[in-house]
$ cat input-v3.cif   # mmCIF, C-alpha atoms
data_upload
loop_
_atom_site.label_atom_id
_atom_site.label_comp_id
_atom_site.auth_asym_id
_atom_site.auth_seq_id
_atom_site.Cartn_x
_atom_site.Cartn_y
_atom_site.Cartn_z
CA MET L 1 236.51 105.76 91.64
CA SER L 2 238.74 104.62 94.47
CA TRP L 3 238.26 107.79 96.53
CA THR L 4 234.50 107.63 96.41
CA ASN L 5 234.29 103.95 97.18
CA GLY L 6 236.79 104.20 100.00
CA TYR L 7 237.12 107.52 101.71
CA GLY L 8 233.88 109.09 100.48
CA LEU L 9 231.63 106.47 102.01
CA ARG L 10 233.78 106.03 105.08
CA GLY L 11 233.84 109.79 105.59
CA GLY L 12 230.05 109.91 105.33
CA ALA L 13 229.69 107.12 107.86
CA ALA L 14 232.06 108.95 110.21
CA ILE L 15 230.05 112.19 109.95
CA LEU L 16 226.82 110.33 110.70
CA GLY L 17 228.47 108.63 113.66
CA LEU L 18 229.50 112.02 115.01
CA ILE L 19 225.99 113.41 114.59
CA ALA L 20 224.60 110.40 116.48
CA LEU L 21 227.14 110.78 119.28
CA ALA L 22 226.56 114.51 119.61
CA SER L 23 222.80 114.00 119.87
CA ALA L 24 222.84 110.99 122.20
CA PRO L 25 222.80 112.81 125.57
CA ALA L 26 219.67 114.67 124.50
CA PHE L 27 217.47 111.56 124.36
CA ALA L 28 214.11 112.63 125.67
CA HIS L 29 210.49 111.74 125.69
CA HIS L 30 210.46 108.22 124.19
CA GLY L 31 211.04 105.79 127.04
CA TRP L 32 212.60 106.55 130.37
CA SER L 33 216.32 106.44 129.62
CA TRP L 34 216.56 110.21 129.92
CA THR L 35 215.00 110.40 133.38
CA GLU L 36 216.36 109.98 136.88
CA ASP L 37 215.46 106.79 138.76
CA GLY L 38 214.10 108.43 141.91
CA PHE L 39 210.65 110.04 142.03
CA PHE L 40 210.23 113.75 141.65
CA GLU L 41 207.26 115.89 142.59
CA LEU L 42 206.35 119.10 140.85
CA LYS L 43 203.67 121.47 142.15
CA GLY L 44 202.43 124.38 140.12
CA VAL L 45 199.73 125.83 137.94
CA ILE L 46 198.79 124.50 134.50
CA ALA L 47 200.04 126.98 131.89
CA GLU L 48 199.21 124.82 128.89
CA ILE L 49 197.50 121.49 128.38
CA TYR L 50 197.80 119.23 125.36
CA ILE L 51 196.00 115.89 125.12
CA GLY L 52 196.73 114.37 121.75
CA ASN L 53 199.11 112.54 119.46
CA PRO L 54 201.90 111.66 119.56
CA HIS L 55 201.69 112.08 123.34
CA ALA L 56 200.11 114.37 125.89
CA THR L 57 202.00 117.17 127.63
CA LEU L 58 201.42 119.74 130.35
CA ASP L 59 203.27 123.00 130.77
CA VAL L 60 203.37 123.77 134.47
CA ASP L 61 204.23 127.11 136.00
CA ALA L 62 206.12 126.36 139.22
CA GLU L 63 207.17 129.55 141.00
CA GLY L 64 207.57 131.42 137.74
CA GLU L 65 209.45 128.65 135.96
CA ILE L 66 207.71 126.76 133.17
CA TRP L 67 208.19 123.01 133.31
CA ARG L 68 207.37 120.62 130.50
CA VAL L 69 205.61 117.56 131.92
CA GLU L 70 205.44 114.65 129.50
CA LEU L 71 202.50 112.28 129.81
CA ALA L 72 201.59 109.06 128.00
CA PRO L 73 200.22 108.68 124.46
CA PRO L 74 196.62 110.00 124.29
CA SER L 75 194.95 106.57 124.45
CA ARG L 76 196.73 105.77 127.70
CA THR L 77 196.30 109.26 129.15
CA ILE L 78 192.57 109.30 128.43
CA ALA L 79 192.21 105.73 129.73
CA ALA L 80 193.65 107.02 133.01
CA GLY L 81 190.75 109.50 133.08
CA PHE L 82 192.91 112.53 132.42
CA THR L 83 191.20 114.52 129.68
CA GLU L 84 190.71 118.16 128.73
CA ALA L 85 187.42 117.93 130.66
CA VAL L 86 189.09 117.41 134.05
CA ALA L 87 191.93 119.94 133.87
CA LYS L 88 192.33 123.38 132.40
CA LYS L 89 194.72 126.31 132.29
CA GLY L 90 195.12 127.90 135.72
CA ASP L 91 194.34 124.73 137.69
CA GLU L 92 196.69 123.75 140.49
CA VAL L 93 198.48 120.53 139.66
CA THR L 94 200.86 118.08 141.26
CA ALA L 95 202.88 115.89 138.94
CA ILE L 96 204.75 112.87 140.29
CA GLY L 97 207.25 111.09 138.11
CA ASN L 98 210.84 111.21 137.00
CA ARG L 99 212.71 114.34 136.08
CA SER L 100 215.34 114.73 133.40
CA LYS L 101 218.86 113.64 134.31
CA ASP L 102 219.92 116.97 132.86
CA GLU L 103 219.59 119.30 135.87
CA THR L 104 219.40 122.38 133.67
CA GLU L 105 216.39 121.00 131.83
CA LYS L 106 212.98 121.76 133.34
CA ARG L 107 211.39 118.62 132.02
CA MET L 108 209.89 115.53 133.62
CA LYS L 109 207.83 112.51 132.68
CA ALA L 110 204.83 112.04 134.93
CA VAL L 111 203.39 108.74 136.09
CA ARG L 112 200.74 110.36 138.30
CA ILE L 113 198.87 113.67 137.99
CA ILE L 114 196.80 115.18 140.79
CA VAL L 115 194.32 117.90 139.80
CA GLY L 116 191.33 119.16 141.77
CA GLY L 117 191.88 116.56 144.49
CA LYS L 118 191.66 113.69 142.01
CA THR L 119 194.51 111.37 141.14
CA TYR L 120 195.19 110.15 137.59
CA ASP L 121 197.74 107.39 137.14
CA VAL L 122 198.90 107.64 133.53
CA TYR L 123 201.52 104.93 134.09
CA PRO L 124 199.81 102.77 136.77
CA ASP L 125 202.59 100.15 136.63
CA ARG L 126 205.20 102.75 137.50
CA VAL L 127 203.53 104.77 140.26
CA PRO L 128 205.32 104.89 143.64
CA SER L 129 204.00 102.38 146.18
CA ASN L 130 202.31 104.18 149.05
CA MET S 1 203.57 131.93 113.49
CA GLU S 2 199.94 132.82 112.84
CA PHE S 3 199.97 130.40 109.93
CA LEU S 4 201.33 127.63 112.17
CA GLU S 5 198.67 128.30 114.80
CA ALA S 6 195.94 128.27 112.16
CA LEU S 7 197.35 124.99 110.87
CA GLU S 8 197.06 123.47 114.36
CA GLN S 9 193.37 124.45 114.39
CA SER S 10 192.67 122.96 110.97
CA GLY S 11 190.32 120.03 110.58
CA LEU S 12 193.20 117.83 109.48
CA ALA S 13 195.21 118.56 112.62
CA ARG S 14 192.24 118.22 114.95
CA SER S 15 191.18 114.83 113.61
CA LEU S 16 194.73 113.50 113.69
CA LYS S 17 195.33 114.87 117.17
CA ALA S 18 192.55 112.87 118.78
CA SER S 19 192.54 109.73 116.65
CA PHE S 20 193.70 106.40 118.04
CA VAL S 21 193.84 104.84 114.59
CA ILE S 22 194.56 107.48 111.93
CA TYR S 23 197.71 108.87 113.54
CA PRO S 24 199.56 105.53 113.74
CA VAL S 25 198.40 104.74 110.18
CA VAL S 26 199.70 108.07 108.86
CA ASN S 27 202.89 107.49 110.85
CA ALA S 28 203.28 104.03 109.27
CA LEU S 29 202.72 105.49 105.78
CA HIS S 30 205.42 108.06 106.55
CA VAL S 31 207.81 105.23 107.46
CA LEU S 32 206.88 103.38 104.26
CA SER S 33 207.52 106.53 102.19
CA ILE S 34 210.86 107.14 103.89
CA GLY S 35 211.80 103.52 103.24
CA MET S 36 211.04 103.98 99.54
CA VAL S 37 213.09 107.18 99.33
CA LEU S 38 216.11 105.95 101.29
CA THR S 39 216.31 102.54 99.61
CA SER S 40 215.97 103.83 96.06
CA VAL S 41 218.26 106.83 96.59
CA MET S 42 220.96 104.67 98.19
CA LEU S 43 220.76 102.11 95.37
CA ILE S 44 221.13 104.90 92.78
CA ASP S 45 224.06 106.34 94.73
CA PHE S 46 225.79 102.95 95.08
CA ARG S 47 225.33 102.39 91.32
CA MET S 48 226.93 105.78 90.64
CA LEU S 49 229.79 104.93 93.01
CA GLY S 50 230.62 101.78 91.11
CA GLY S 51 228.32 99.10 92.52
CA PHE S 52 226.03 96.71 90.55
CA GLN S 53 228.01 97.24 87.34
CA ALA S 54 226.21 94.30 85.69
CA ILE S 55 222.87 96.15 85.76
CA ASP S 56 222.13 98.65 83.00
CA ARG S 57 222.56 102.08 84.54
CA GLN S 58 219.94 104.02 82.60
CA SER S 59 216.97 101.73 83.24
CA PHE S 60 218.09 101.00 86.83
CA ILE S 61 218.18 104.70 87.66
CA ALA S 62 214.99 105.50 85.75
CA LEU S 63 213.04 102.87 87.74
CA LEU S 64 214.49 103.80 91.12
CA ARG S 65 214.01 107.50 90.52
CA ARG S 66 210.27 106.90 90.06
CA VAL S 67 210.20 104.99 93.35
CA ALA S 68 212.16 107.76 95.08
CA LEU S 69 209.94 110.58 93.80
CA THR S 70 206.74 108.66 94.65
CA GLY S 71 208.09 107.98 98.13
CA PHE S 72 209.11 111.61 98.55
CA CYS S 73 205.60 112.83 97.68
CA GLY S 74 204.16 110.35 100.19
CA ALA S 75 206.61 111.45 102.87
CA LEU S 76 205.79 115.10 102.19
CA LEU S 77 202.03 114.56 102.55
CA THR S 78 202.17 112.32 105.63
CA GLY S 79 204.91 114.46 107.20
CA PHE S 80 202.88 117.63 106.69
CA ALA S 81 199.85 115.95 108.26
CA MET S 82 201.79 114.98 111.39
CA PHE S 83 203.53 118.36 111.51
CA SER S 84 200.16 120.15 111.46
CA ILE S 85 199.11 118.70 114.83
CA ARG S 86 201.78 120.60 116.80
CA ALA S 87 203.17 122.90 114.12
CA THR S 88 204.53 125.59 116.47
CA GLU S 89 206.27 122.96 118.62
CA TYR S 90 208.00 121.26 115.70
CA ALA S 91 208.90 124.52 113.96
CA ALA S 92 210.80 125.55 117.10
CA MET S 93 212.87 122.34 117.26
CA PRO S 94 216.45 122.68 115.95
CA VAL S 95 216.48 119.04 114.86
CA PHE S 96 213.29 119.57 112.81
CA LEU S 97 214.80 122.64 111.15
CA ALA S 98 218.01 120.69 110.52
CA LYS S 99 215.95 117.97 108.81
CA MET S 100 214.18 120.52 106.58
CA GLY S 101 217.53 122.16 105.76
CA LEU S 102 219.05 118.79 104.81
CA ILE S 103 216.04 118.01 102.58
CA VAL S 104 216.54 121.33 100.76
CA LEU S 105 220.23 120.55 100.30
CA ALA S 106 219.42 117.03 99.09
CA ALA S 107 216.90 118.47 96.60
CA LEU S 108 219.47 120.96 95.29
CA ASN S 109 222.00 118.14 95.03
CA PHE S 110 219.44 116.13 93.04
CA LEU S 111 218.97 119.05 90.60
CA VAL S 112 222.76 119.32 90.20
CA PHE S 113 222.98 115.55 89.67
CA VAL S 114 220.30 115.60 86.97
CA SER S 115 221.90 118.55 85.16
CA LEU S 116 225.28 116.83 85.34
CA GLN S 117 223.94 113.62 83.90
CA GLU S 118 222.34 115.30 80.96
CA GLY S 119 225.44 117.26 80.05
CA VAL S 120 228.85 115.89 79.38
CA SER S 121 230.39 116.11 82.80
CA SER S 122 233.21 114.68 84.82
CA PRO S 123 232.53 111.27 86.34
CA ASN S 124 234.16 112.51 89.52
CA LEU S 125 231.52 115.22 89.87
CA LEU S 126 228.76 112.64 89.45
CA ARG S 127 230.34 110.44 92.10
CA ALA S 128 230.81 113.35 94.45
CA SER S 129 227.12 114.21 94.03
CA ALA S 130 226.18 110.56 94.72
CA ALA S 131 228.36 110.44 97.85
CA LEU S 132 226.87 113.74 99.06
CA SER S 133 223.38 112.36 98.41
CA LEU S 134 224.11 109.37 100.68
CA VAL S 135 225.31 111.60 103.50
CA LEU S 136 222.42 114.07 103.15
CA TRP S 137 219.64 111.47 103.02
CA LEU S 138 221.04 109.47 105.93
CA GLY S 139 221.25 112.78 107.79
CA VAL S 140 217.58 113.47 106.97
CA LEU S 141 216.66 110.01 108.29
CA LEU S 142 218.64 110.50 111.49
CA CYS S 143 217.28 113.99 112.18
CA GLY S 144 213.75 112.77 111.49
CA ARG S 145 214.08 109.94 113.97
CA PHE S 146 215.49 112.28 116.61
CA ILE S 147 212.40 114.51 116.40
CA GLY S 148 210.66 111.84 118.48
CA PHE S 149 213.39 111.87 121.12
CA LEU S 150 214.12 115.54 121.75
#

$ encode --input "input-v3.cif" --output "structure tokens"
Amino acid sequence: MSWTNGYGLRGGAAILGLIALASAPAFAHHGWSWTEDGFFELKGVIAEIYIGNPHATLDVDAEGEIWRVELAPPSRTIAAGFTEAVAKKGDEVTAIGNRSKDETEKRMKAVRIIVGGKTYDVYPDRVPSN
Amino acid sequence: MEFLEALEQSGLARSLKASFVIYPVVNALHVLSIGMVLTSVMLIDFRMLGGFQAIDRQSFIALLRRVALTGFCGALLTGFAMFSIRATEYAAMPVFLAKMGLIVLAALNFLVFVSLQEGVSSPNLLRASAALSLVLWLGVLLCGRFIGFL
């Protein structure tokens, strides 16, 4: 009994702690902790568009590289006017927001999307002042 | 892959994808189900590891096992519903696959635990199974939560 009550549980807790530590740097689309502070602009062509739960995303082809652009939850994205009716595969797009702190990761979270000359602020409170 | 793509086009996935209300409700029911599973499983495991000695083991475990299995069915249904929306995305995520793998291991461990209990087996084996159950289910919880962050 002593080994299970002592080392067994403690060992389990240690393993879980290690899993949590190992995964921590990979924090991604919830919140902004995984993004750089400065603004980042991505120009490319829409390769894939998803407006839905749990949140909207765009895949953008920028000079042959596919970037994942995270948007807001669908309610917020649609409230900003950005729907499947205003953008489609093949459209030119500019995404302004914050890119991943991980330089090797082609991923960003957008606060503003520009398609067809129209601007959609999916996070109006975070857009750069201009 | 074709199955996953067909799943994404199903009526279930399409209605969940666009809904402002149903998705958070299904999500909340998933959390409720997970809470039922984790709480009841951990209480069973703690009882097996020597806790709550004053409570009769048989009836304690019988009650909590019903809660755990009910919660597991709920988690399976709500989880499948949320999975269906972006099935190909989730199926490609290592952390999602890790979660599914851990659930399979936890299920196998449960079958071992049940077979041990019914036979005449070493108390150390039962405790080892209970300790493993704790680690596996907490791992499932952790992997599940990380799906939203990777």

$ residues_around --input "input-v3.cif" --residues "L:Gly64" --least-positions-apart "2" --cutoff "12 Å" --atoms "all atoms listed in the file" --output "PyMOL selection string"
chain L and resi 43-47+59-62+66-67+106

$ resolve_selection --input "input-v3.cif" --expression "the PyMOL selection byres ((chain S) within 6 of (chain L))" --output "VMD selection string"
chain S and resid 17 to 18 135 149 to 150

$ residues_near_point --input "input-v3.cif" --point "(209.2, 112.4, 96.6)" --cutoff "12 Å" --atoms "only C-alpha atoms" --output "PDB file with C-alpha atoms, keeping the file's coordinate frame"
ATOM      1  CA  HIS S  30     205.420 108.060 106.550  1.00  0.00           C
ATOM      2  CA  SER S  33     207.520 106.530 102.190  1.00  0.00           C
ATOM      3  CA  ILE S  34     210.860 107.140 103.890  1.00  0.00           C
ATOM      4  CA  GLY S  35     211.800 103.520 103.240  1.00  0.00           C
ATOM      5  CA  MET S  36     211.040 103.980  99.540  1.00  0.00           C
ATOM      6  CA  VAL S  37     213.090 107.180  99.330  1.00  0.00           C
ATOM      7  CA  LEU S  38     216.110 105.950 101.290  1.00  0.00           C
ATOM      8  CA  SER S  40     215.970 103.830  96.060  1.00  0.00           C
ATOM      9  CA  VAL S  41     218.260 106.830  96.590  1.00  0.00           C
ATOM     10  CA  LEU S  64     214.490 103.800  91.120  1.00  0.00           C
ATOM     11  CA  ARG S  65     214.010 107.500  90.520  1.00  0.00           C
ATOM     12  CA  ARG S  66     210.270 106.900  90.060  1.00  0.00           C
ATOM     13  CA  VAL S  67     210.200 104.990  93.350  1.00  0.00           C
ATOM     14  CA  ALA S  68     212.160 107.760  95.080  1.00  0.00           C
ATOM     15  CA  LEU S  69     209.940 110.580  93.800  1.00  0.00           C
ATOM     16  CA  THR S  70     206.740 108.660  94.650  1.00  0.00           C
ATOM     17  CA  GLY S  71     208.090 107.980  98.130  1.00  0.00           C
ATOM     18  CA  PHE S  72     209.110 111.610  98.550  1.00  0.00           C
ATOM     19  CA  CYS S  73     205.600 112.830  97.680  1.00  0.00           C
ATOM     20  CA  GLY S  74     204.160 110.350 100.190  1.00  0.00           C
ATOM     21  CA  ALA S  75     206.610 111.450 102.870  1.00  0.00           C
ATOM     22  CA  LEU S  76     205.790 115.100 102.190  1.00  0.00           C
ATOM     23  CA  LEU S  77     202.030 114.560 102.550  1.00  0.00           C
ATOM     24  CA  THR S  78     202.170 112.320 105.630  1.00  0.00           C
ATOM     25  CA  GLY S  79     204.910 114.460 107.200  1.00  0.00           C
ATOM     26  CA  ILE S 103     216.040 118.010 102.580  1.00  0.00           C
ATOM     27  CA  ALA S 106     219.420 117.030  99.090  1.00  0.00           C
ATOM     28  CA  ALA S 107     216.900 118.470  96.600  1.00  0.00           C
ATOM     29  CA  PHE S 110     219.440 116.130  93.040  1.00  0.00           C
TER      30      PHE S 110
END

$ closest_residue --input "input-v3.cif" --among "L:Ala80, L:Glu92, L:Ala87, L:Phe40" --to "L:Glu63" --atoms "all atoms listed in the file"
L:Glu92

$ atom_distance --input "input-v3.cif" --atom1 "atom CA of L:Gly116" --atom2 "atom CA of L:Ala95"
12.3 Å

$ closest_residue --input "input-v3.cif" --among "L:Arg112, L:Arg107, L:Lys88, L:Lys118" --to "L:Glu65" --atoms "all atoms listed in the file"
L:Arg107

$ resolve_selection --input "input-v3.cif" --expression "the PyMOL selection byres ((chain L and resi 98-104) around 7)" --output "number ranges by chain"
L: 34-40, 97, 105-110

$ atom_distance --input "input-v3.cif" --atom1 "atom CA of S:Asn109" --atom2 "atom CA of S:Ser129"
6.5 Å

$ resolve_selection --input "input-v3.cif" --expression "the PyMOL selection byres ((chain S and resi 136) around 8)" --output "number ranges by chain"
S: 102-103, 105-106, 132-135, 137-140

$ write_last_selection --input "input-v3.cif" --atoms "C-alpha atoms" --output "PDB file, keeping the file's coordinate frame"
ATOM      1  CA  LEU S 102     219.050 118.790 104.810  1.00  0.00           C
ATOM      2  CA  ILE S 103     216.040 118.010 102.580  1.00  0.00           C
ATOM      3  CA  LEU S 105     220.230 120.550 100.300  1.00  0.00           C
ATOM      4  CA  ALA S 106     219.420 117.030  99.090  1.00  0.00           C
ATOM      5  CA  LEU S 132     226.870 113.740  99.060  1.00  0.00           C
ATOM      6  CA  SER S 133     223.380 112.360  98.410  1.00  0.00           C
ATOM      7  CA  LEU S 134     224.110 109.370 100.680  1.00  0.00           C
ATOM      8  CA  VAL S 135     225.310 111.600 103.500  1.00  0.00           C
ATOM      9  CA  TRP S 137     219.640 111.470 103.020  1.00  0.00           C
ATOM     10  CA  LEU S 138     221.040 109.470 105.930  1.00  0.00           C
ATOM     11  CA  GLY S 139     221.250 112.780 107.790  1.00  0.00           C
ATOM     12  CA  VAL S 140     217.580 113.470 106.970  1.00  0.00           C
TER      13      VAL S 140
END

$ atom_distance --input "input-v3.cif" --atom1 "atom CA of S:Ala81" --atom2 "atom CA of S:Tyr23"
9.1 Å

$ closest_residue --input "input-v3.cif" --among "S:Phe146, S:Phe113, S:Phe60, S:Phe52" --to "S:Tyr90" --atoms "all atoms listed in the file"
S:Phe146

$ residues_around --input "input-v3.cif" --residues "S:Lys99" --least-positions-apart "4" --cutoff "9 Å" --atoms "only C-alpha atoms" --output "ChimeraX atom specification"
/S:94-95,103-104,139-144

$ residues_around --input "input-v3.cif" --residues "L:Tyr120" --least-positions-apart "6" --cutoff "10 Å" --atoms "all atoms listed in the file" --output "ChimeraX atom specification"
/L:77-83,95,111-114
